[in-house]
Amino acid sequence: MIIDNEISVTEVVLRAMAGGDDARLRDIAASFVRHMHDFAREVRLTEAEFEAGIAMLNRIGQATNDVHNEGILFSDAIGLSTLVCLMNNGANGNTETAAALLGPFWRMHSPVTPNGGSIVRSPTPGPALFAQFDIVDAKGEPIEGVEIDVWHSSPVGLYENQDQAQAEMNLRGKFTSDAQGQFGFRSVKPAGYPVPTDGPTGDLLRAQNRHPYRPAHVHFLCYKPGFKTLVTQVFVDDDEYLESDVVFGVTRALIGDFKKHEIGTPPDSETSAPWYTLAYRFVMEAGEAKLPHPPIK
Ligand code: BEZ
Ligand code: FE
């Protein structure tokens, strides 16, 4: 088939790409071409705009290295990462707890911490947080022996590996749920933080007059063989960026009830008012347990 015009080019490309043994690859490639061609026709893409788009794609690759993945950040900032996450996890919140982005800050080998113990490993000024969790299966039965990695930013919005003032593995811990399916820890209330804006994703945000902030949150990775690994975040409910998370990670069910306490006796002698408590319930579905690739060491 010979290309006659801007419409028939699509058909010619689809025919050329119809071979190969991998049926799924054929479907994905064909759909990608159809959508890209339709997109170019819809916006009447100019040659200058096409060149700018390719240059941006190249800069995304060039900005990616061992400790930073600009491709993921760009997908995050256009909501594609969250869409894929929601399509593949949680059945729209009907069964398991909704998943949320792993993000770039998960580290393996978080310090094993006793249930109820503190993950504050160097002086970290800020309101104390006492968090308590239940982990249940789809029938509501407690799950014992789930390994839970917890990590979050400090009250000034920095993860320990971004901040000389914090000890190694500060505000990170590994817990195991007990026979009642519970675990908990003491920490400090996290703050929101900006994503990196020195690459092409930052250019996009500036061009769209968007701020670069994520609302404050705590990350969780819940792992037990026999259950689908749950990667999620619980968001601080008084954060000003809840409705404008730059990476669209906030879903309604993941907004935690962070209760502020200003009077009464603090839970321990190291704590002064105000302090916060959080109670949250995770639901894990039966399925395959697998750990993600650590984004950083
Ligand atoms: C995070 O929550 O750690 C995160 C997620 C996406 C982009 C940047 C940071
Ligand atoms: Fe985070």
# chains A, B, ... in the order shown; residues from 1 in each chain; ligands from 1

call {"tool": "residues_around", "arguments": {"residues": "Gly287 (chain A)", "least_positions_apart": "5", "cutoff": "12 Å", "atoms": "only C-alpha atoms", "output": "list in words"}}
result
Asn89, Glu96, Asp137, Ala138, Tyr223, Lys224, Pro225, Gly226, Phe227, Lys228, Thr229 and Leu230 of chain A

call {"tool": "residues_near_ligand", "arguments": {"ligand": "ligand 1", "cutoff": "10 Å", "atoms": "only C-alpha atoms and all ligand atoms", "output": "JSON, numbers by chain"}}
result
{"A": [68, 69, 70, 72, 73, 74, 75, 76, 77, 81, 82, 100, 101, 102, 103, 104, 105, 106, 151, 152, 153, 159, 192, 193, 194, 195, 196, 212, 213, 214, 215, 216, 217, 218, 219, 232, 233, 245, 246, 247, 248, 249]}

call {"tool": "residues_around", "arguments": {"residues": "Asp237 (chain A)", "least_positions_apart": "5", "cutoff": "10 Å", "atoms": "only C-alpha atoms", "output": "JSON, numbers by chain"}}
result
{"A": [215, 216, 217, 242, 254, 255, 256, 257, 258, 259]}

call {"tool": "closest_residue", "arguments": {"among": "A:Gln182, A:Thr201, A:Ser272, A:Gln208", "to": "Pro114 (chain A)", "atoms": "only C-alpha atoms"}}
result
A:Gln182

call {"tool": "select_by_dssp", "arguments": {"residues": "region 59-188 of chain A", "states": "helix (DSSP H, G or I)", "output": "list of chain:residue names"}}
result
A:Arg59, A:Ile60, A:Gly61, A:Gln62, A:Glu70, A:Gly71, A:Ile72, A:Leu73, A:Phe74, A:Ser75, A:Asp76, A:Ala77, A:Leu80, A:Ser81, A:Thr82, A:Leu83, A:Val84, A:Cys85, A:Leu86, A:Met87, A:Asn88, A:Gly90, A:Ala91, A:Asn92, A:Gly93, A:Glu160, A:Asn161, A:Gln162

call {"tool": "write_last_selection", "arguments": {"atoms": "N, CA, C and O atoms", "output": "short mmCIF file (atom, residue, chain, number, x, y, z; two decimals), in the first residue's frame"}}
result
data_model
loop_
_atom_site.label_atom_id
_atom_site.label_comp_id
_atom_site.auth_asym_id
_atom_site.auth_seq_id
_atom_site.Cartn_x
_atom_site.Cartn_y
_atom_site.Cartn_z
N ARG A 59 15.58 15.36 26.40
CA ARG A 59 16.04 15.93 27.68
C ARG A 59 15.57 15.09 28.86
O ARG A 59 16.25 14.99 29.88
N ILE A 60 14.40 14.47 28.72
CA ILE A 60 13.93 13.57 29.80
C ILE A 60 14.93 12.41 29.96
O ILE A 60 15.31 12.06 31.07
N GLY A 61 15.38 11.86 28.84
CA GLY A 61 16.38 10.78 28.90
C GLY A 61 17.69 11.27 29.49
O GLY A 61 18.28 10.62 30.36
N GLN A 62 18.13 12.44 29.03
CA GLN A 62 19.43 12.95 29.50
C GLN A 62 19.41 13.31 30.98
O GLN A 62 20.44 13.24 31.66
N GLU A 70 13.76 10.97 35.50
CA GLU A 70 12.94 12.08 35.00
C GLU A 70 11.73 11.54 34.22
O GLU A 70 10.67 12.18 34.19
N GLY A 71 11.88 10.36 33.60
CA GLY A 71 10.77 9.77 32.86
C GLY A 71 9.59 9.49 33.77
O GLY A 71 8.43 9.80 33.45
N ILE A 72 9.88 8.91 34.93
CA ILE A 72 8.80 8.64 35.90
C ILE A 72 8.23 9.96 36.40
O ILE A 72 7.01 10.13 36.49
N LEU A 73 9.10 10.92 36.71
CA LEU A 73 8.61 12.20 37.24
C LEU A 73 7.69 12.87 36.23
O LEU A 73 6.64 13.42 36.60
N PHE A 74 8.05 12.81 34.96
CA PHE A 74 7.21 13.41 33.92
C PHE A 74 5.85 12.68 33.86
O PHE A 74 4.79 13.32 33.82
N SER A 75 5.89 11.35 33.88
CA SER A 75 4.63 10.57 33.88
C SER A 75 3.79 10.91 35.11
O SER A 75 2.56 11.00 35.03
N ASP A 76 4.48 11.10 36.25
CA ASP A 76 3.77 11.49 37.48
C ASP A 76 3.06 12.82 37.28
O ASP A 76 1.89 12.99 37.66
N ALA A 77 3.78 13.78 36.69
CA ALA A 77 3.26 15.15 36.60
C ALA A 77 2.13 15.29 35.57
O ALA A 77 1.42 16.30 35.58
N LEU A 80 -0.18 10.17 34.53
CA LEU A 80 -0.20 8.84 33.90
C LEU A 80 0.20 7.75 34.90
O LEU A 80 -0.38 6.67 34.91
N SER A 81 1.17 8.06 35.77
CA SER A 81 1.59 7.05 36.76
C SER A 81 0.42 6.69 37.67
O SER A 81 0.19 5.50 37.96
N THR A 82 -0.33 7.68 38.12
CA THR A 82 -1.47 7.39 39.00
C THR A 82 -2.56 6.64 38.25
O THR A 82 -3.16 5.71 38.79
N LEU A 83 -2.80 7.00 37.00
CA LEU A 83 -3.81 6.26 36.22
C LEU A 83 -3.44 4.77 36.14
O LEU A 83 -4.28 3.90 36.40
N VAL A 84 -2.19 4.49 35.80
CA VAL A 84 -1.75 3.09 35.68
C VAL A 84 -1.86 2.39 37.03
O VAL A 84 -2.32 1.24 37.13
N CYS A 85 -1.48 3.10 38.08
CA CYS A 85 -1.55 2.56 39.44
C CYS A 85 -3.01 2.22 39.80
O CYS A 85 -3.31 1.13 40.29
N LEU A 86 -3.92 3.14 39.53
CA LEU A 86 -5.34 2.92 39.90
C LEU A 86 -5.98 1.83 39.05
O LEU A 86 -6.83 1.08 39.53
N MET A 87 -5.58 1.74 37.77
CA MET A 87 -6.16 0.70 36.91
C MET A 87 -5.75 -0.69 37.35
O MET A 87 -6.47 -1.66 37.14
N ASN A 88 -4.56 -0.79 37.96
CA ASN A 88 -4.01 -2.10 38.27
C ASN A 88 -4.12 -2.51 39.73
O ASN A 88 -3.72 -3.61 40.09
N GLY A 90 -6.49 -2.18 43.55
CA GLY A 90 -7.52 -1.66 44.44
C GLY A 90 -8.93 -1.70 43.91
O GLY A 90 -9.86 -1.39 44.64
N ALA A 91 -9.13 -2.07 42.63
CA ALA A 91 -10.48 -2.15 42.08
C ALA A 91 -11.31 -0.93 42.50
O ALA A 91 -12.40 -1.06 43.04
N ASN A 92 -10.75 0.25 42.28
CA ASN A 92 -11.41 1.51 42.64
C ASN A 92 -11.81 1.57 44.11
O ASN A 92 -12.84 2.12 44.47
N GLY A 93 -10.98 0.97 44.95
CA GLY A 93 -11.23 1.03 46.39
C GLY A 93 -12.26 0.02 46.87
O GLY A 93 -12.64 0.03 48.03
N GLU A 160 15.66 11.79 54.71
CA GLU A 160 16.97 11.79 55.38
C GLU A 160 18.13 11.81 54.39
O GLU A 160 19.16 12.40 54.64
N ASN A 161 17.93 11.17 53.22
CA ASN A 161 19.03 11.11 52.26
C ASN A 161 19.19 12.41 51.47
O ASN A 161 20.07 12.52 50.63
N GLN A 162 18.33 13.40 51.77
CA GLN A 162 18.47 14.73 51.14
C GLN A 162 18.98 15.74 52.14
O GLN A 162 19.08 16.92 51.81
#

call {"tool": "residues_around", "arguments": {"residues": "Gly181 (chain A)", "least_positions_apart": "4", "cutoff": "8 Å", "atoms": "only C-alpha atoms", "output": "list in words"}}
result
Asp134, Ile135, Val136, Pro142, Ile143, Glu144, Gly145, Val146 and Ser177 of chain A

call {"tool": "write_last_selection", "arguments": {"atoms": "C-alpha atoms", "output": "PDB file, in the first residue's frame"}}
result
ATOM      1  CA  ASP A 134      -4.622  -2.489  61.324  1.00  0.00           C
ATOM      2  CA  ILE A 135      -3.918  -4.759  58.382  1.00  0.00           C
ATOM      3  CA  VAL A 136      -6.780  -7.010  57.334  1.00  0.00           C
ATOM      4  CA  PRO A 142      -6.328  -9.520  60.715  1.00  0.00           C
ATOM      5  CA  ILE A 143      -3.140 -10.484  58.886  1.00  0.00           C
ATOM      6  CA  GLU A 144      -0.216 -11.378  61.122  1.00  0.00           C
ATOM      7  CA  GLY A 145       3.380 -11.253  59.924  1.00  0.00           C
ATOM      8  CA  VAL A 146       3.102  -8.556  57.257  1.00  0.00           C
ATOM      9  CA  SER A 177       2.169  -6.839  62.118  1.00  0.00           C
TER      10      SER A 177
END

call {"tool": "residues_around", "arguments": {"residues": "Val188 (chain A)", "least_positions_apart": "3", "cutoff": "8 Å", "atoms": "only C-alpha atoms", "output": "JSON, numbers by chain"}}
result
{"A": [120, 124, 125, 126, 127, 128, 129, 154, 155]}

call {"tool": "write_last_selection", "arguments": {"atoms": "all heavy atoms", "output": "short mmCIF file (atom, residue, chain, number, x, y, z; two decimals), in the first residue's frame"}}
result
data_model
loop_
_atom_site.label_atom_id
_atom_site.label_comp_id
_atom_site.auth_asym_id
_atom_site.auth_seq_id
_atom_site.Cartn_x
_atom_site.Cartn_y
_atom_site.Cartn_z
N VAL A 120 12.31 8.07 64.87
CA VAL A 120 13.10 9.31 64.92
C VAL A 120 14.49 8.93 65.41
O VAL A 120 14.66 8.51 66.55
CB VAL A 120 12.43 10.34 65.88
CG1 VAL A 120 13.23 11.63 65.90
CG2 VAL A 120 10.99 10.60 65.47
N THR A 124 14.86 15.68 65.61
CA THR A 124 14.08 16.16 64.45
C THR A 124 12.94 17.01 64.97
O THR A 124 11.87 16.50 65.32
CB THR A 124 13.53 14.95 63.65
OG1 THR A 124 14.57 13.99 63.45
CG2 THR A 124 12.97 15.38 62.31
N PRO A 125 13.17 18.34 65.09
CA PRO A 125 12.14 19.19 65.67
C PRO A 125 10.83 19.13 64.89
O PRO A 125 10.84 19.06 63.65
CB PRO A 125 12.73 20.60 65.58
CG PRO A 125 14.20 20.40 65.36
CD PRO A 125 14.36 19.09 64.66
N GLY A 126 9.72 19.13 65.65
CA GLY A 126 8.40 19.10 65.00
C GLY A 126 7.42 18.38 65.89
O GLY A 126 7.83 17.66 66.82
N PRO A 127 6.13 18.54 65.63
CA PRO A 127 5.12 17.88 66.45
C PRO A 127 5.22 16.35 66.36
O PRO A 127 5.43 15.81 65.27
CB PRO A 127 3.78 18.36 65.86
CG PRO A 127 4.11 19.30 64.77
CD PRO A 127 5.57 19.34 64.53
N ALA A 128 5.08 15.69 67.52
CA ALA A 128 5.15 14.23 67.54
C ALA A 128 3.93 13.63 66.84
O ALA A 128 2.85 14.22 66.81
CB ALA A 128 5.22 13.74 68.99
N LEU A 129 4.15 12.45 66.28
CA LEU A 129 3.07 11.70 65.62
C LEU A 129 3.07 10.28 66.18
O LEU A 129 4.11 9.61 66.17
CB LEU A 129 3.30 11.66 64.10
CG LEU A 129 2.38 10.72 63.30
CD1 LEU A 129 0.93 11.20 63.36
CD2 LEU A 129 2.85 10.64 61.84
N SER A 154 10.72 14.83 56.68
CA SER A 154 10.78 15.48 58.00
C SER A 154 9.78 16.63 58.07
O SER A 154 9.17 17.00 57.06
CB SER A 154 12.19 16.02 58.20
OG SER A 154 12.36 17.13 57.33
N PRO A 155 9.65 17.24 59.25
CA PRO A 155 8.75 18.40 59.37
C PRO A 155 9.23 19.61 58.55
O PRO A 155 8.51 20.60 58.45
CB PRO A 155 8.76 18.70 60.87
CG PRO A 155 9.08 17.39 61.51
CD PRO A 155 10.06 16.73 60.58
#

call {"tool": "residues_around", "arguments": {"residues": "Asn115 (chain A)", "least_positions_apart": "3", "cutoff": "8 Å", "atoms": "only C-alpha atoms", "output": "compact mmCIF listing (two decimals) with N, CA, C and O atoms, in the first residue's frame"}}
result
# COMPACT_ATOMS: atom_id res chain seq x y z
N PHE A 175 8.51 -2.73 60.14
CA PHE A 175 7.69 -3.28 61.21
C PHE A 175 7.09 -4.61 60.77
O PHE A 175 7.03 -4.90 59.57
N THR A 176 6.60 -5.37 61.75
CA THR A 176 5.88 -6.61 61.44
C THR A 176 4.56 -6.58 62.18
O THR A 176 4.53 -6.32 63.40
N SER A 177 3.48 -6.87 61.45
CA SER A 177 2.17 -6.84 62.12
C SER A 177 2.06 -8.00 63.10
O SER A 177 2.53 -9.11 62.84
N PHE A 183 0.20 -2.81 63.83
CA PHE A 183 1.54 -2.27 64.06
C PHE A 183 1.40 -0.77 64.29
O PHE A 183 0.37 -0.17 63.97
N GLY A 184 2.45 -0.18 64.84
CA GLY A 184 2.39 1.25 65.09
C GLY A 184 3.78 1.79 65.32
O GLY A 184 4.75 1.05 65.47
N PHE A 185 3.89 3.11 65.32
CA PHE A 185 5.20 3.74 65.58
C PHE A 185 5.01 5.16 66.08
O PHE A 185 3.93 5.75 65.95

call {"tool": "residues_around", "arguments": {"residues": "Leu204 (chain A)", "least_positions_apart": "5", "cutoff": "10 Å", "atoms": "only C-alpha atoms", "output": "list in words"}}
result
Met56, Phe74, Ala77, Ile78, Thr197, Gly199, Asn209 and Arg210 of chain A

call {"tool": "write_last_selection", "arguments": {"atoms": "N, CA, C and O atoms", "output": "mmCIF file, in the first residue's frame"}}
result
data_model
loop_
_atom_site.group_PDB
_atom_site.id
_atom_site.type_symbol
_atom_site.label_atom_id
_atom_site.label_comp_id
_atom_site.auth_asym_id
_atom_site.auth_seq_id
_atom_site.Cartn_x
_atom_site.Cartn_y
_atom_site.Cartn_z
ATOM 1 N N MET A 56 12.259 17.624 24.013
ATOM 2 C CA MET A 56 11.842 17.407 25.403
ATOM 3 C C MET A 56 12.030 15.935 25.797
ATOM 4 O O MET A 56 12.560 15.614 26.863
ATOM 5 N N PHE A 74 8.053 12.805 34.955
ATOM 6 C CA PHE A 74 7.210 13.406 33.921
ATOM 7 C C PHE A 74 5.853 12.681 33.857
ATOM 8 O O PHE A 74 4.795 13.319 33.819
ATOM 9 N N ALA A 77 3.779 13.777 36.692
ATOM 10 C CA ALA A 77 3.259 15.154 36.597
ATOM 11 C C ALA A 77 2.134 15.289 35.573
ATOM 12 O O ALA A 77 1.421 16.295 35.579
ATOM 13 N N ILE A 78 1.972 14.281 34.706
ATOM 14 C CA ILE A 78 0.820 14.323 33.787
ATOM 15 C C ILE A 78 -0.257 13.307 34.222
ATOM 16 O O ILE A 78 -1.192 13.029 33.467
ATOM 17 N N THR A 197 12.630 20.404 40.043
ATOM 18 C CA THR A 197 12.106 21.213 38.934
ATOM 19 C C THR A 197 13.222 21.696 38.009
ATOM 20 O O THR A 197 13.032 22.618 37.235
ATOM 21 N N GLY A 199 14.619 19.964 35.637
ATOM 22 C CA GLY A 199 14.597 19.251 34.351
ATOM 23 C C GLY A 199 13.385 19.654 33.522
ATOM 24 O O GLY A 199 12.676 20.618 33.852
ATOM 25 N N ASN A 209 1.970 27.240 34.951
ATOM 26 C CA ASN A 209 1.723 27.963 36.221
ATOM 27 C C ASN A 209 1.330 27.011 37.341
ATOM 28 O O ASN A 209 0.408 27.296 38.122
ATOM 29 N N ARG A 210 2.019 25.864 37.417
ATOM 30 C CA ARG A 210 1.711 24.894 38.476
ATOM 31 C C ARG A 210 2.800 24.943 39.537
ATOM 32 O O ARG A 210 3.988 25.065 39.206
#

call {"tool": "atom_distance", "arguments": {"atom1": "CA of Gly140 (chain A)", "atom2": "CA of Thr251 (chain A)"}}
result
21.5 Å

call {"tool": "closest_residue", "arguments": {"among": "A:Glu147, A:Pro266, A:Ala191, A:Ala207", "to": "Glu240 (chain A)", "atoms": "only C-alpha atoms"}}
result
A:Ala191

call {"tool": "select_by_dssp", "arguments": {"residues": "region 39-246 of chain A", "states": "strand (DSSP E)", "output": "NGL selection string"}}
result
:A and (128-136 or 147-152 or 172-176 or 182-188 or 193-194 or 213-214 or 217-223 or 230-235)

call {"tool": "closest_residue", "arguments": {"among": "A:Phe133, A:Phe235, A:Phe282, A:Phe32", "to": "ligand 2", "atoms": "only C-alpha atoms and all ligand atoms"}}
result
A:Phe235

call {"tool": "atom_distance", "arguments": {"atom1": "CA of Asp163 (chain A)", "atom2": "CA of Ala273 (chain A)"}}
result
25.8 Å

call {"tool": "decode", "arguments": {"residues": "region 95-113 of chain A", "atoms": "N, CA and C atoms", "output": "PDB file, in the first residue's frame"}}
result
ATOM      1  N   THR A  95     -11.980  -3.331  46.949  1.00  0.00           N
ATOM      2  CA  THR A  95     -11.439  -4.473  47.686  1.00  0.00           C
ATOM      3  C   THR A  95     -10.247  -4.019  48.509  1.00  0.00           C
ATOM      4  N   GLU A  96      -9.049  -4.111  47.935  1.00  0.00           N
ATOM      5  CA  GLU A  96      -7.860  -3.747  48.705  1.00  0.00           C
ATOM      6  C   GLU A  96      -7.754  -2.222  48.849  1.00  0.00           C
ATOM      7  N   THR A  97      -6.899  -1.804  49.767  1.00  0.00           N
ATOM      8  CA  THR A  97      -6.604  -0.375  49.909  1.00  0.00           C
ATOM      9  C   THR A  97      -6.011   0.132  48.603  1.00  0.00           C
ATOM     10  N   ALA A  98      -6.439   1.312  48.188  1.00  0.00           N
ATOM     11  CA  ALA A  98      -5.904   1.888  46.952  1.00  0.00           C
ATOM     12  C   ALA A  98      -4.387   2.015  47.053  1.00  0.00           C
ATOM     13  N   ALA A  99      -3.720   1.731  45.960  1.00  0.00           N
ATOM     14  CA  ALA A  99      -2.268   1.899  45.924  1.00  0.00           C
ATOM     15  C   ALA A  99      -1.959   3.349  45.574  1.00  0.00           C
ATOM     16  N   ALA A 100      -0.724   3.756  45.854  1.00  0.00           N
ATOM     17  CA  ALA A 100      -0.256   5.084  45.423  1.00  0.00           C
ATOM     18  C   ALA A 100       1.207   4.939  45.026  1.00  0.00           C
ATOM     19  N   LEU A 101       1.721   5.969  44.385  1.00  0.00           N
ATOM     20  CA  LEU A 101       3.064   5.917  43.816  1.00  0.00           C
ATOM     21  C   LEU A 101       4.112   5.484  44.840  1.00  0.00           C
ATOM     22  N   LEU A 102       5.059   4.667  44.400  1.00  0.00           N
ATOM     23  CA  LEU A 102       6.192   4.306  45.258  1.00  0.00           C
ATOM     24  C   LEU A 102       7.063   5.538  45.498  1.00  0.00           C
ATOM     25  N   GLY A 103       7.222   6.360  44.466  1.00  0.00           N
ATOM     26  CA  GLY A 103       8.082   7.544  44.589  1.00  0.00           C
ATOM     27  C   GLY A 103       9.540   7.167  44.540  1.00  0.00           C
ATOM     28  N   PRO A 104      10.410   8.162  44.529  1.00  0.00           N
ATOM     29  CA  PRO A 104      11.838   7.892  44.348  1.00  0.00           C
ATOM     30  C   PRO A 104      12.610   7.667  45.649  1.00  0.00           C
ATOM     31  N   PHE A 105      11.924   7.642  46.807  1.00  0.00           N
ATOM     32  CA  PHE A 105      12.684   7.680  48.061  1.00  0.00           C
ATOM     33  C   PHE A 105      12.657   6.398  48.881  1.00  0.00           C
ATOM     34  N   TRP A 106      12.025   5.345  48.363  1.00  0.00           N
ATOM     35  CA  TRP A 106      12.066   4.071  49.116  1.00  0.00           C
ATOM     36  C   TRP A 106      13.491   3.528  49.100  1.00  0.00           C
ATOM     37  N   ARG A 107      13.960   3.084  50.278  1.00  0.00           N
ATOM     38  CA  ARG A 107      15.262   2.417  50.362  1.00  0.00           C
ATOM     39  C   ARG A 107      15.067   1.041  50.966  1.00  0.00           C
ATOM     40  N   MET A 108      15.835   0.075  50.482  1.00  0.00           N
ATOM     41  CA  MET A 108      15.784  -1.256  51.108  1.00  0.00           C
ATOM     42  C   MET A 108      16.511  -1.184  52.451  1.00  0.00           C
ATOM     43  N   HIS A 109      16.318  -2.198  53.251  1.00  0.00           N
ATOM     44  CA  HIS A 109      17.038  -2.362  54.522  1.00  0.00           C
ATOM     45  C   HIS A 109      16.754  -1.240  55.525  1.00  0.00           C
ATOM     46  N   SER A 110      15.498  -0.843  55.592  1.00  0.00           N
ATOM     47  CA  SER A 110      15.108   0.077  56.665  1.00  0.00           C
ATOM     48  C   SER A 110      15.346  -0.608  58.001  1.00  0.00           C
ATOM     49  N   PRO A 111      15.676   0.128  59.051  1.00  0.00           N
ATOM     50  CA  PRO A 111      15.962  -0.510  60.334  1.00  0.00           C
ATOM     51  C   PRO A 111      14.735  -1.230  60.909  1.00  0.00           C
ATOM     52  N   VAL A 112      14.935  -2.499  61.252  1.00  0.00           N
ATOM     53  CA  VAL A 112      13.855  -3.259  61.899  1.00  0.00           C
ATOM     54  C   VAL A 112      13.562  -2.577  63.230  1.00  0.00           C
ATOM     55  N   THR A 113      12.285  -2.281  63.473  1.00  0.00           N
ATOM     56  CA  THR A 113      11.909  -1.469  64.630  1.00  0.00           C
ATOM     57  C   THR A 113      10.780  -2.185  65.370  1.00  0.00           C
TER      58      THR A 113
END
